[in-house]
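> The structure follows.
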Amino acid sequence: MTEPLIIAIDGPAGSGKSTVARRVAAALGIAYLDTGAIYRAIALALSQAGIPPVEKDELRKALAGLSVEITPGGLKVNGREAGIEIRSPFADSIVSPYAALPSVREALLTVQREQGERTSLVADGRDMGTVVFPGAAVKIFLTASDHVRAERRRLELQARGDASTFGEVLERIRERDRIDSTRETAPLRMADDAVEVDTDGLSIDEVERAVLVHIAKKLQDKG
Ligand code: DC
């Protein structure tokens with residue numbers, strides 16, 4: 001049996017990772033693993049259970065009993081389907097503190113790796129190329145200025161009826177960048193063997209094309 005093909009796409013909030021990763025997965029005919037969605041759903045489940053983002057016994061107990069089911073079209077945490085609420089400004093504001101906790105990351109490591117053992121996939125997140133799939137065949141790091149990322153996110157929220165201003169969205173993006181890249185466990189960082197794609201000024205189609213070209217070249221080099 002041939003080994004599953006893993007394409008790791010990392011980058012900060014709003015860099016276009018999930019749109020690009022989803023499209024690239026569809027173009028290659030393989031699965032898409034949205035690890036941010038898993039962190040978001042878990043942060044919401046913990047917060048709804050009244051468990052704050054601090055390393056304490058109650059958190060560890062909740063994580064020990066945690067069930068995460070990933071299916072091609074969905075994600076269930078503790079038997080509950082993760083819905084659109086995982087994309088809300090509230091979820092945005094609570095997810096990074098939970099994702100910074102070593103016990104949360106540890107609990108999710110196995111869940112994510114199991115997916116990659118089962119099937120070929122494009123995985124997007126913050127530590128795909130550095131921690132979760134260090135042996136990934138292709139690693140991409142997407143970047144964009146914080147202003148461009150905030151405007152993309154504002155438009156996305158607006159389309160869903162949320163009236164957050166550019167300034168509010170920019171502030172939240174900067175705060176998430178700060179927490180995601182300064183945490184001690186698995187901070188947002190480009191893997192040494194990743195290629196950086198700066199998406200400022202590029203359309204989604206152009207980013208998708210650039211990523212697909214890089215993947216083809218990398219796979220060809222590997223034979
Ligand atoms: O990609 P996203 O915006 O949906 O991610 C939500 C949060 O989850 C983000 O602020 C950081 C965290 N995250 C992470 O720490 N590691 C990942 N692999 C994916 C997301």
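In the structure tokens, chains take the letters A, B, ... in the order shown, each chain's residues start at 1, and ligands count up from 1 in the order shown.
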Which residues are close to A:Val68, i.e. within 7 Å by only C-alpha atoms, leaving aside same-chain residues fewer than 3 positions away? Reply as a tab-separated table (two decimals) with all heavy atoms, in the first residue's frame.


chain	number	residue	atom	x	y	z
A	76	LYS	N	-17.86	16.38	14.67
A	76	LYS	CA	-18.69	16.28	15.88
A	76	LYS	C	-17.78	16.29	17.09
A	76	LYS	O	-16.78	15.55	17.13
A	76	LYS	CB	-19.48	14.97	15.87
A	76	LYS	CG	-20.76	15.02	15.11
A	76	LYS	CD	-21.55	13.74	15.37
A	76	LYS	CE	-22.74	13.66	14.44
A	76	LYS	NZ	-23.37	12.33	14.51
A	77	VAL	N	-18.13	17.12	18.07
A	77	VAL	CA	-17.39	17.12	19.33
A	77	VAL	C	-18.36	16.70	20.41
A	77	VAL	O	-19.44	17.29	20.54
A	77	VAL	CB	-16.79	18.52	19.63
A	77	VAL	CG1	-16.25	18.58	21.04
A	77	VAL	CG2	-15.68	18.82	18.63
A	78	ASN	N	-17.98	15.65	21.14
A	78	ASN	CA	-18.85	15.07	22.17
A	78	ASN	C	-20.26	14.80	21.62
A	78	ASN	O	-21.26	15.10	22.26
A	78	ASN	CB	-18.91	15.97	23.42
A	78	ASN	CG	-17.57	16.02	24.12
A	78	ASN	OD1	-16.73	15.13	23.94
A	78	ASN	ND2	-17.34	17.06	24.88

> Which residues are near ligand 1 - at most 6 Å, using only C-alpha atoms and all ligand atoms? Format: as a VMD selection string.

chain A and resid 13 35 to 37 39 to 40 95 to 96 99 125 to 127 176 180

> Could you write out that same residue set with all heavy atoms as a short mmCIF file (atom, residue, chain, number, x, y, z; two decimals), in the first residue's frame?


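The resulting file, out.cif, is shown below:
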data_model
loop_
_atom_site.label_atom_id
_atom_site.label_comp_id
_atom_site.auth_asym_id
_atom_site.auth_seq_id
_atom_site.Cartn_x
_atom_site.Cartn_y
_atom_site.Cartn_z
N ALA A 13 -4.14 33.77 10.84
CA ALA A 13 -5.57 33.95 10.62
C ALA A 13 -5.81 34.87 9.43
O ALA A 13 -5.18 35.92 9.31
CB ALA A 13 -6.20 34.58 11.87
N THR A 35 -7.99 21.95 10.62
CA THR A 35 -7.68 21.76 12.05
C THR A 35 -8.13 22.96 12.89
O THR A 35 -8.41 22.81 14.06
CB THR A 35 -6.18 21.47 12.28
OG1 THR A 35 -5.41 22.61 11.88
CG2 THR A 35 -5.74 20.24 11.52
N GLY A 36 -8.23 24.14 12.27
CA GLY A 36 -8.75 25.30 13.01
C GLY A 36 -10.17 25.03 13.47
O GLY A 36 -10.57 25.42 14.57
N ALA A 37 -10.96 24.35 12.62
CA ALA A 37 -12.35 24.04 12.98
C ALA A 37 -12.38 23.14 14.23
O ALA A 37 -13.25 23.29 15.09
CB ALA A 37 -13.06 23.35 11.82
N TYR A 39 -10.07 23.05 16.66
CA TYR A 39 -9.76 23.90 17.83
C TYR A 39 -10.94 24.79 18.19
O TYR A 39 -11.25 25.00 19.36
CB TYR A 39 -8.50 24.75 17.55
CG TYR A 39 -7.23 23.97 17.75
CD1 TYR A 39 -6.56 23.39 16.68
CD2 TYR A 39 -6.72 23.77 19.03
CE1 TYR A 39 -5.41 22.64 16.87
CE2 TYR A 39 -5.57 23.03 19.23
CZ TYR A 39 -4.91 22.47 18.14
OH TYR A 39 -3.79 21.73 18.35
N ARG A 40 -11.62 25.31 17.18
CA ARG A 40 -12.76 26.18 17.43
C ARG A 40 -13.89 25.42 18.14
O ARG A 40 -14.48 25.90 19.11
CB ARG A 40 -13.30 26.75 16.11
CG ARG A 40 -12.43 27.81 15.52
CD ARG A 40 -12.78 28.12 14.07
NE ARG A 40 -11.95 29.19 13.57
CZ ARG A 40 -12.24 30.49 13.70
NH1 ARG A 40 -13.37 30.86 14.26
NH2 ARG A 40 -11.40 31.40 13.25
N VAL A 95 -10.87 31.23 20.99
CA VAL A 95 -10.15 30.02 20.56
C VAL A 95 -8.65 30.04 20.86
O VAL A 95 -8.08 29.03 21.31
CB VAL A 95 -10.44 29.70 19.06
CG1 VAL A 95 -10.01 30.79 18.12
CG2 VAL A 95 -9.83 28.38 18.64
N SER A 96 -7.98 31.17 20.64
CA SER A 96 -6.51 31.17 20.80
C SER A 96 -6.05 30.81 22.22
O SER A 96 -5.11 30.03 22.36
CB SER A 96 -5.91 32.50 20.35
OG SER A 96 -5.98 32.59 18.94
N ALA A 99 -6.29 27.15 22.45
CA ALA A 99 -5.34 26.47 21.55
C ALA A 99 -3.90 26.61 22.04
O ALA A 99 -3.02 25.89 21.59
CB ALA A 99 -5.47 27.05 20.14
N GLY A 125 -3.61 24.70 9.14
CA GLY A 125 -3.58 25.08 10.55
C GLY A 125 -2.42 26.00 10.85
O GLY A 125 -2.09 26.89 10.05
N ARG A 126 -1.81 25.80 12.02
CA ARG A 126 -0.67 26.64 12.43
C ARG A 126 0.60 25.81 12.57
O ARG A 126 1.70 26.34 12.49
CB ARG A 126 -0.95 27.30 13.80
CG ARG A 126 -2.19 28.15 13.87
CD ARG A 126 -2.05 29.38 12.99
NE ARG A 126 -3.17 30.30 13.17
CZ ARG A 126 -4.40 30.12 12.71
NH1 ARG A 126 -4.69 29.03 12.04
NH2 ARG A 126 -5.34 31.03 12.90
N ASP A 127 0.43 24.51 12.85
CA ASP A 127 1.60 23.66 13.15
C ASP A 127 1.58 22.36 12.33
O ASP A 127 2.07 21.34 12.78
CB ASP A 127 1.65 23.33 14.64
CG ASP A 127 0.37 22.62 15.12
OD1 ASP A 127 -0.64 22.63 14.38
OD2 ASP A 127 0.39 22.05 16.22
N ARG A 176 -4.97 37.50 17.98
CA ARG A 176 -4.80 36.07 17.72
C ARG A 176 -3.39 35.79 17.21
O ARG A 176 -2.77 34.81 17.60
CB ARG A 176 -5.85 35.57 16.72
CG ARG A 176 -7.18 35.35 17.41
CD ARG A 176 -8.28 35.15 16.42
NE ARG A 176 -8.13 33.91 15.68
CZ ARG A 176 -8.68 33.69 14.49
NH1 ARG A 176 -9.37 34.62 13.89
NH2 ARG A 176 -8.52 32.54 13.89
N ASP A 180 -1.07 33.19 19.02
CA ASP A 180 -0.70 31.99 18.24
C ASP A 180 0.81 31.90 18.00
O ASP A 180 1.37 30.81 17.94
CB ASP A 180 -1.42 31.98 16.87
CG ASP A 180 -2.93 31.83 17.00
OD1 ASP A 180 -3.40 31.44 18.09
OD2 ASP A 180 -3.64 32.10 16.02
#

> Pick out each residue of stretch 31-169 of chain A that DSSP on the backbone tags as alpha helix (DSSP H); I need them as number ranges by chain.

A: 35-48, 57-64, 89-99, 102-118, 146-159, 166-169

> Can you work out which one of A:Met128, A:Thr110, A:Pro89, A:Glu117 has the shortest atom-to-atom distance to A:Gln158, counting only C-alpha atoms?

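Looking only at the distances to A:Gln158, the closest residue turns out to be A:Pro89.
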
> Skipping near chain neighbours, those fewer than 3 positions away, what residues fall within 12 Å of A:Ser67 using only C-alpha atoms, listed as a PyMOL selection string?

chain A and resi 38+41-42+45+62-64+70+75-81+107-108+110-111

> Considering only C-alpha atoms, return as JSON, numbers by chain whatever protein or nucleic-acid residues lie within 8 Å of A:Leu219, sequence-local ones (same chain, fewer than 3 positions apart) excluded.

{"A": [137, 138, 215, 216, 222, 223]}

> I need the residues in stretch 4-221 of chain A that are strand (DSSP E) according to DSSP; give them as number ranges by chain.

A: 6-10, 31-34, 68-71, 74-77, 80-81, 121-125, 138-143, 195-198

> Which residues are near stretch 200-206 of chain A? Cut-off 7 Å, only C-alpha atoms, ignore same chain within fewer than 3 positions. Put them as a ChimeraX atom specification.

/A:20,144-145,148,209-210

> Using only C-alpha atoms, find the one residue out of A:Gly74, A:Pro12, A:Pro102, A:Gly161 that sits nearest to A:Ala186.

A:Pro102

> I'd like the interatomic distance between atom CA of A:Ile94 and atom CA of A:Leu188, to a tenth of an Å.

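Here the two named atoms are 17.1 Å from each other.
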
> Which value, in Å to one decimal, gives the distance between atom CA of A:Leu121 and atom CA of A:Ala31?

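Those two atoms sit 4.5 Å apart.
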
> Write out as a list in words the residues lying within 9 Å of A:Gly129, counting only C-alpha atoms and excluding same-chain residues fewer than 5 positions away.

Ile7, Ala8, Ile9, Asp10, Pro134, Gly135, Ala136, Val138, Lys139, Ile140, Phe141, Arg189, Met190, Ala191, Asp192, Asp193 and Ala194 of chain A

> Can those selected residues be exported to a file as an mmCIF file, in the first residue's frame so that it contains N, CA, C and O atoms?


data_model
loop_
_atom_site.group_PDB
_atom_site.id
_atom_site.type_symbol
_atom_site.label_atom_id
_atom_site.label_comp_id
_atom_site.auth_asym_id
_atom_site.auth_seq_id
_atom_site.Cartn_x
_atom_site.Cartn_y
_atom_site.Cartn_z
ATOM 1 N N ILE A 7 -0.300 17.117 2.384
ATOM 2 C CA ILE A 7 0.078 18.481 2.008
ATOM 3 C C ILE A 7 -0.250 19.359 3.221
ATOM 4 O O ILE A 7 -1.409 19.407 3.651
ATOM 5 N N ALA A 8 0.755 20.005 3.781
ATOM 6 C CA ALA A 8 0.554 20.836 4.980
ATOM 7 C C ALA A 8 0.511 22.311 4.592
ATOM 8 O O ALA A 8 1.425 22.800 3.929
ATOM 9 N N ILE A 9 -0.558 22.986 4.989
ATOM 10 C CA ILE A 9 -0.668 24.423 4.701
ATOM 11 C C ILE A 9 -0.845 25.175 6.028
ATOM 12 O O ILE A 9 -1.823 24.953 6.743
ATOM 13 N N ASP A 10 0.123 26.007 6.358
ATOM 14 C CA ASP A 10 0.046 26.792 7.588
ATOM 15 C C ASP A 10 0.045 28.271 7.271
ATOM 16 O O ASP A 10 0.400 28.681 6.152
ATOM 17 N N PRO A 134 5.282 16.506 10.432
ATOM 18 C CA PRO A 134 6.622 16.984 10.056
ATOM 19 C C PRO A 134 7.159 16.300 8.804
ATOM 20 O O PRO A 134 8.027 16.841 8.122
ATOM 21 N N GLY A 135 6.604 15.117 8.485
ATOM 22 C CA GLY A 135 7.086 14.393 7.301
ATOM 23 C C GLY A 135 6.242 14.657 6.062
ATOM 24 O O GLY A 135 6.374 13.943 5.068
ATOM 25 N N ALA A 136 5.380 15.676 6.108
ATOM 26 C CA ALA A 136 4.494 15.973 4.966
ATOM 27 C C ALA A 136 5.299 16.122 3.678
ATOM 28 O O ALA A 136 6.389 16.705 3.686
ATOM 29 N N VAL A 138 4.652 17.926 1.086
ATOM 30 C CA VAL A 138 4.719 19.319 0.634
ATOM 31 C C VAL A 138 4.261 20.215 1.784
ATOM 32 O O VAL A 138 3.267 19.914 2.462
ATOM 33 N N LYS A 139 5.002 21.304 2.009
ATOM 34 C CA LYS A 139 4.634 22.250 3.075
ATOM 35 C C LYS A 139 4.569 23.665 2.498
ATOM 36 O O LYS A 139 5.515 24.114 1.853
ATOM 37 N N ILE A 140 3.448 24.307 2.750
ATOM 38 C CA ILE A 140 3.243 25.666 2.241
ATOM 39 C C ILE A 140 2.967 26.582 3.433
ATOM 40 O O ILE A 140 2.230 26.190 4.357
ATOM 41 N N PHE A 141 3.530 27.777 3.409
ATOM 42 C CA PHE A 141 3.235 28.758 4.449
ATOM 43 C C PHE A 141 2.642 29.982 3.771
ATOM 44 O O PHE A 141 3.314 30.656 2.990
ATOM 45 N N ARG A 189 4.702 29.030 13.155
ATOM 46 C CA ARG A 189 6.058 29.218 12.648
ATOM 47 C C ARG A 189 6.156 28.503 11.310
ATOM 48 O O ARG A 189 5.540 27.462 11.113
ATOM 49 N N MET A 190 6.941 29.055 10.401
ATOM 50 C CA MET A 190 7.101 28.387 9.113
ATOM 51 C C MET A 190 8.119 27.242 9.268
ATOM 52 O O MET A 190 9.184 27.445 9.861
ATOM 53 N N ALA A 191 7.776 26.068 8.756
ATOM 54 C CA ALA A 191 8.728 24.935 8.812
ATOM 55 C C ALA A 191 9.933 25.270 7.940
ATOM 56 O O ALA A 191 9.801 25.982 6.933
ATOM 57 N N ASP A 192 11.099 24.765 8.314
ATOM 58 C CA ASP A 192 12.329 25.074 7.557
ATOM 59 C C ASP A 192 12.211 24.640 6.095
ATOM 60 O O ASP A 192 12.796 25.261 5.212
ATOM 61 N N ASP A 193 11.467 23.554 5.859
ATOM 62 C CA ASP A 193 11.362 23.045 4.490
ATOM 63 C C ASP A 193 10.041 23.441 3.812
ATOM 64 O O ASP A 193 9.618 22.803 2.848
ATOM 65 N N ALA A 194 9.420 24.526 4.320
ATOM 66 C CA ALA A 194 8.172 25.003 3.684
ATOM 67 C C ALA A 194 8.505 26.072 2.662
ATOM 68 O O ALA A 194 9.557 26.707 2.725
#

> Can you pull out every residue within 8 Å of A:Val24, counting only C-alpha atoms, but drop anything in the same chain fewer than 4 positions away, and send it as a PyMOL selection string?

chain A and resi 20+28+122+208+211-212

> Go ahead and write the selection's residues with C-alpha atoms as a PDB file, in the first residue's frame.


ATOM      1  CA  VAL A  20      -7.003  27.499  -0.670  1.00  0.00           C
ATOM      2  CA  LEU A  28      -6.113  16.771  -6.220  1.00  0.00           C
ATOM      3  CA  VAL A 122      -4.513  18.647   2.596  1.00  0.00           C
ATOM      4  CA  GLU A 208      -4.546  28.220  -5.707  1.00  0.00           C
ATOM      5  CA  VAL A 211       0.164  26.336  -4.593  1.00  0.00           C
ATOM      6  CA  LEU A 212      -0.743  23.666  -7.172  1.00  0.00           C
TER       7      LEU A 212
END

> So how far away is atom CA of A:Leu66 from atom CA of A:Leu101, in Å?

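Spanning atom CA of A:Leu101 to atom CA of A:Leu66 is a straight-line distance of 15.3 Å.
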